[in-house]
Amino acid sequence: MSGLGDGRLILIVEDNAKNLKLARDVLQFHGFQTVEATDGETGIDLARTHHPDLILMDIALPGIDGLAATQQLKAEQPTSDIPIVALTASVMRSDRARLEEAGFAGIIAKPIDVLRFSEQVLAYCTGVGEAS
Ligand code: MN
């Protein structure tokens, strides 16, 4: 694996097909590997089985939402150490506090900025945090 991502595995949980494809294409182009889910339950299952380096989590999802899925993953030993970043269009201050409380490492706003996305993701992978 070459490129910025250096083969790191990213789990993308996103129910919008276009958003999912864009995130996947940008990450794979930059040398990340991806696994993908379009609902919260499947996202939780994939996090348990693949133990990705990072999870990108949409908030509004069918079934269990991204907030509840994150709380669940953060409460379990094998997945609690995986950084989870919210992929959301709502980045108001109140939302930010609510997301941090749920265990999110940060937020990447949708629509994603394709020129910066891979570096934002890498920063969260390496624990540097928000690249904004
Ligand atoms: Mn959604």
# chains A, B, ... in the order shown; residues from 1 in each chain; ligands from 1
$ residues_near_ligand --ligand "ligand 1" --cutoff "8 Å" --atoms "only C-alpha atoms and all ligand atoms" --output "ChimeraX atom specification"
/A:14-16,58-62
$ closest_atom_pairs --of "region 93-130 of chain A" --to "region 22-37 of chain A" --cutoff "8 Å" --atoms "only C-alpha atoms" --output "CSV"
residue,atom,partner,partner_atom,distance
A:Ile112,CA,A:Ala23,CA,7.7
A:Val114,CA,A:Val26,CA,6.8
A:Phe117,CA,A:Val26,CA,7.6
A:Ser118,CA,A:Leu27,CA,6.0
$ write_last_selection --atoms "N, CA and C atoms" --output "mmCIF file, in the first residue's frame"
data_model
loop_
_atom_site.group_PDB
_atom_site.id
_atom_site.type_symbol
_atom_site.label_atom_id
_atom_site.label_comp_id
_atom_site.auth_asym_id
_atom_site.auth_seq_id
_atom_site.Cartn_x
_atom_site.Cartn_y
_atom_site.Cartn_z
ATOM 1 N N ILE A 112 -18.078 16.712 2.138
ATOM 2 C CA ILE A 112 -16.646 16.687 2.423
ATOM 3 C C ILE A 112 -15.898 17.570 1.425
ATOM 4 N N VAL A 114 -13.060 17.554 -0.819
ATOM 5 C CA VAL A 114 -12.261 16.465 -1.400
ATOM 6 C C VAL A 114 -10.757 16.780 -1.396
ATOM 7 N N PHE A 117 -9.934 16.131 2.591
ATOM 8 C CA PHE A 117 -10.531 15.010 3.311
ATOM 9 C C PHE A 117 -9.508 13.968 3.776
ATOM 10 N N SER A 118 -8.634 13.542 2.863
ATOM 11 C CA SER A 118 -7.692 12.479 3.220
ATOM 12 C C SER A 118 -6.740 12.930 4.336
#
$ residues_around --residues "Asp53 (chain A)" --least-positions-apart "3" --cutoff "10 Å" --atoms "only C-alpha atoms" --output "compact mmCIF listing (two decimals) with N, CA, C and O atoms, in the first residue's frame"
# COMPACT_ATOMS: atom_id res chain seq x y z
N GLY A 7 -2.33 2.26 3.62
CA GLY A 7 -3.06 1.02 3.86
C GLY A 7 -3.93 1.01 5.10
O GLY A 7 -4.51 -0.02 5.43
N ARG A 8 -4.02 2.14 5.79
CA ARG A 8 -4.88 2.17 6.98
C ARG A 8 -6.32 1.84 6.60
O ARG A 8 -6.80 2.23 5.54
N LEU A 9 -6.99 1.14 7.49
CA LEU A 9 -8.35 0.69 7.21
C LEU A 9 -9.37 1.66 7.83
O LEU A 9 -9.35 1.91 9.04
N ILE A 10 -10.24 2.18 6.99
CA ILE A 10 -11.27 3.12 7.43
C ILE A 10 -12.65 2.50 7.23
O ILE A 10 -12.98 2.03 6.15
N LEU A 11 -13.42 2.46 8.30
CA LEU A 11 -14.82 2.03 8.19
C LEU A 11 -15.69 3.26 7.96
O LEU A 11 -15.67 4.20 8.76
N GLN A 33 -7.51 1.84 2.82
CA GLN A 33 -8.44 0.76 2.52
C GLN A 33 -9.76 1.10 3.21
O GLN A 33 -9.77 1.77 4.25
N ALA A 47 -17.14 -2.96 12.70
CA ALA A 47 -16.13 -2.43 13.62
C ALA A 47 -15.58 -3.56 14.49
O ALA A 47 -14.38 -3.64 14.75
N HIS A 50 -13.52 -6.09 11.97
CA HIS A 50 -12.35 -5.56 11.24
C HIS A 50 -11.42 -4.71 12.09
O HIS A 50 -10.29 -4.46 11.71
N ASP A 81 -11.24 1.82 21.72
CA ASP A 81 -10.05 2.62 21.41
C ASP A 81 -10.04 3.14 19.97
O ASP A 81 -9.14 3.86 19.57
N ILE A 82 -11.03 2.76 19.16
CA ILE A 82 -11.06 3.19 17.76
C ILE A 82 -11.60 4.62 17.70
O ILE A 82 -12.70 4.89 18.18
N PRO A 83 -10.81 5.56 17.11
CA PRO A 83 -11.35 6.91 16.97
C PRO A 83 -12.55 6.92 16.01
O PRO A 83 -12.51 6.28 14.97
N ILE A 84 -13.59 7.62 16.42
CA ILE A 84 -14.80 7.73 15.59
C ILE A 84 -15.05 9.20 15.30
O ILE A 84 -15.11 10.02 16.22
N LEU A 122 -6.42 11.26 8.00
CA LEU A 122 -5.12 10.83 8.51
C LEU A 122 -4.82 11.44 9.87
O LEU A 122 -4.30 10.78 10.77
N TYR A 124 -6.86 12.32 12.19
CA TYR A 124 -7.61 11.61 13.24
C TYR A 124 -7.04 10.21 13.48
O TYR A 124 -7.03 9.73 14.60
N CYS A 125 -6.55 9.56 12.43
CA CYS A 125 -5.93 8.23 12.57
C CYS A 125 -4.72 8.29 13.49
O CYS A 125 -4.48 7.40 14.30
N THR A 126 -3.94 9.36 13.34
CA THR A 126 -2.68 9.45 14.06
C THR A 126 -2.83 10.17 15.39
O THR A 126 -1.85 10.41 16.08
$ select_by_dssp --residues "chain A" --states "helix (DSSP H, G or I)" --output "PyMOL selection string"
chain A and resi 17-29+40-50+66-75+93-102+117-125
$ closest_residue --among "A:Ala102, A:Leu87, A:Ile44, A:Leu20" --to "Gln120 (chain A)" --atoms "only C-alpha atoms"
A:Leu87
$ atom_distance --atom1 "CA of Glu41 (chain A)" --atom2 "CA of Arg93 (chain A)"
27.6 Å
$ closest_residue --among "A:Gly106, A:Gly127, A:Gly43, A:Gly3" --to "Asp65 (chain A)" --atoms "only C-alpha atoms"
A:Gly43
$ residues_around --residues "Ala89 (chain A)" --least-positions-apart "6" --cutoff "9 Å" --atoms "only C-alpha atoms" --output "JSON list (two decimals) with all heavy atoms, in the first residue's frame"
[["chain", "number", "residue", "atom", "x", "y", "z"],
["A", 108, "ILE", "N", -16.16, 15.86, 10.81],
["A", 108, "ILE", "CA", -15.81, 16.30, 9.46],
["A", 108, "ILE", "C", -17.13, 16.68, 8.80],
["A", 108, "ILE", "O", -18.07, 15.88, 8.74],
["A", 108, "ILE", "CB", -15.08, 15.22, 8.66],
["A", 108, "ILE", "CG1", -13.70, 14.95, 9.28],
["A", 108, "ILE", "CG2", -14.92, 15.66, 7.19],
["A", 108, "ILE", "CD1", -12.89, 13.84, 8.59],
["A", 109, "ALA", "N", -17.20, 17.93, 8.34],
["A", 109, "ALA", "CA", -18.46, 18.45, 7.81],
["A", 109, "ALA", "C", -18.75, 17.88, 6.43],
["A", 109, "ALA", "O", -17.86, 17.65, 5.62],
["A", 109, "ALA", "CB", -18.40, 19.97, 7.74],
["A", 110, "LYS", "N", -20.03, 17.62, 6.20],
["A", 110, "LYS", "CA", -20.52, 17.24, 4.88],
["A", 110, "LYS", "C", -21.14, 18.48, 4.22],
["A", 110, "LYS", "O", -21.79, 19.25, 4.92],
["A", 110, "LYS", "CB", -21.58, 16.14, 4.98],
["A", 110, "LYS", "CG", -21.02, 14.80, 5.35],
["A", 110, "LYS", "CD", -22.01, 13.68, 5.07],
["A", 110, "LYS", "CE", -23.20, 13.73, 5.99],
["A", 110, "LYS", "NZ", -23.99, 12.46, 5.97],
["A", 111, "PRO", "N", -21.01, 18.66, 2.92],
["A", 111, "PRO", "CA", -20.26, 17.77, 2.02],
["A", 111, "PRO", "C", -18.76, 17.84, 2.30],
["A", 111, "PRO", "O", -18.25, 18.90, 2.67],
["A", 111, "PRO", "CB", -20.58, 18.31, 0.62],
["A", 111, "PRO", "CG", -20.94, 19.75, 0.84],
["A", 111, "PRO", "CD", -21.60, 19.80, 2.19]]
$ closest_residue --among "A:Leu67, A:Ala105, A:Leu99, A:Ala17" --to "Val121 (chain A)" --atoms "only C-alpha atoms"
A:Ala105
$ closest_residue --among "A:Glu100, A:Asp6, A:Asp113, A:Glu119" --to "Val85 (chain A)" --atoms "only C-alpha atoms"
A:Glu100
$ residues_around --residues "Val91 (chain A)" --least-positions-apart "4" --cutoff "8 Å" --atoms "only C-alpha atoms" --output "count of residues only"
4
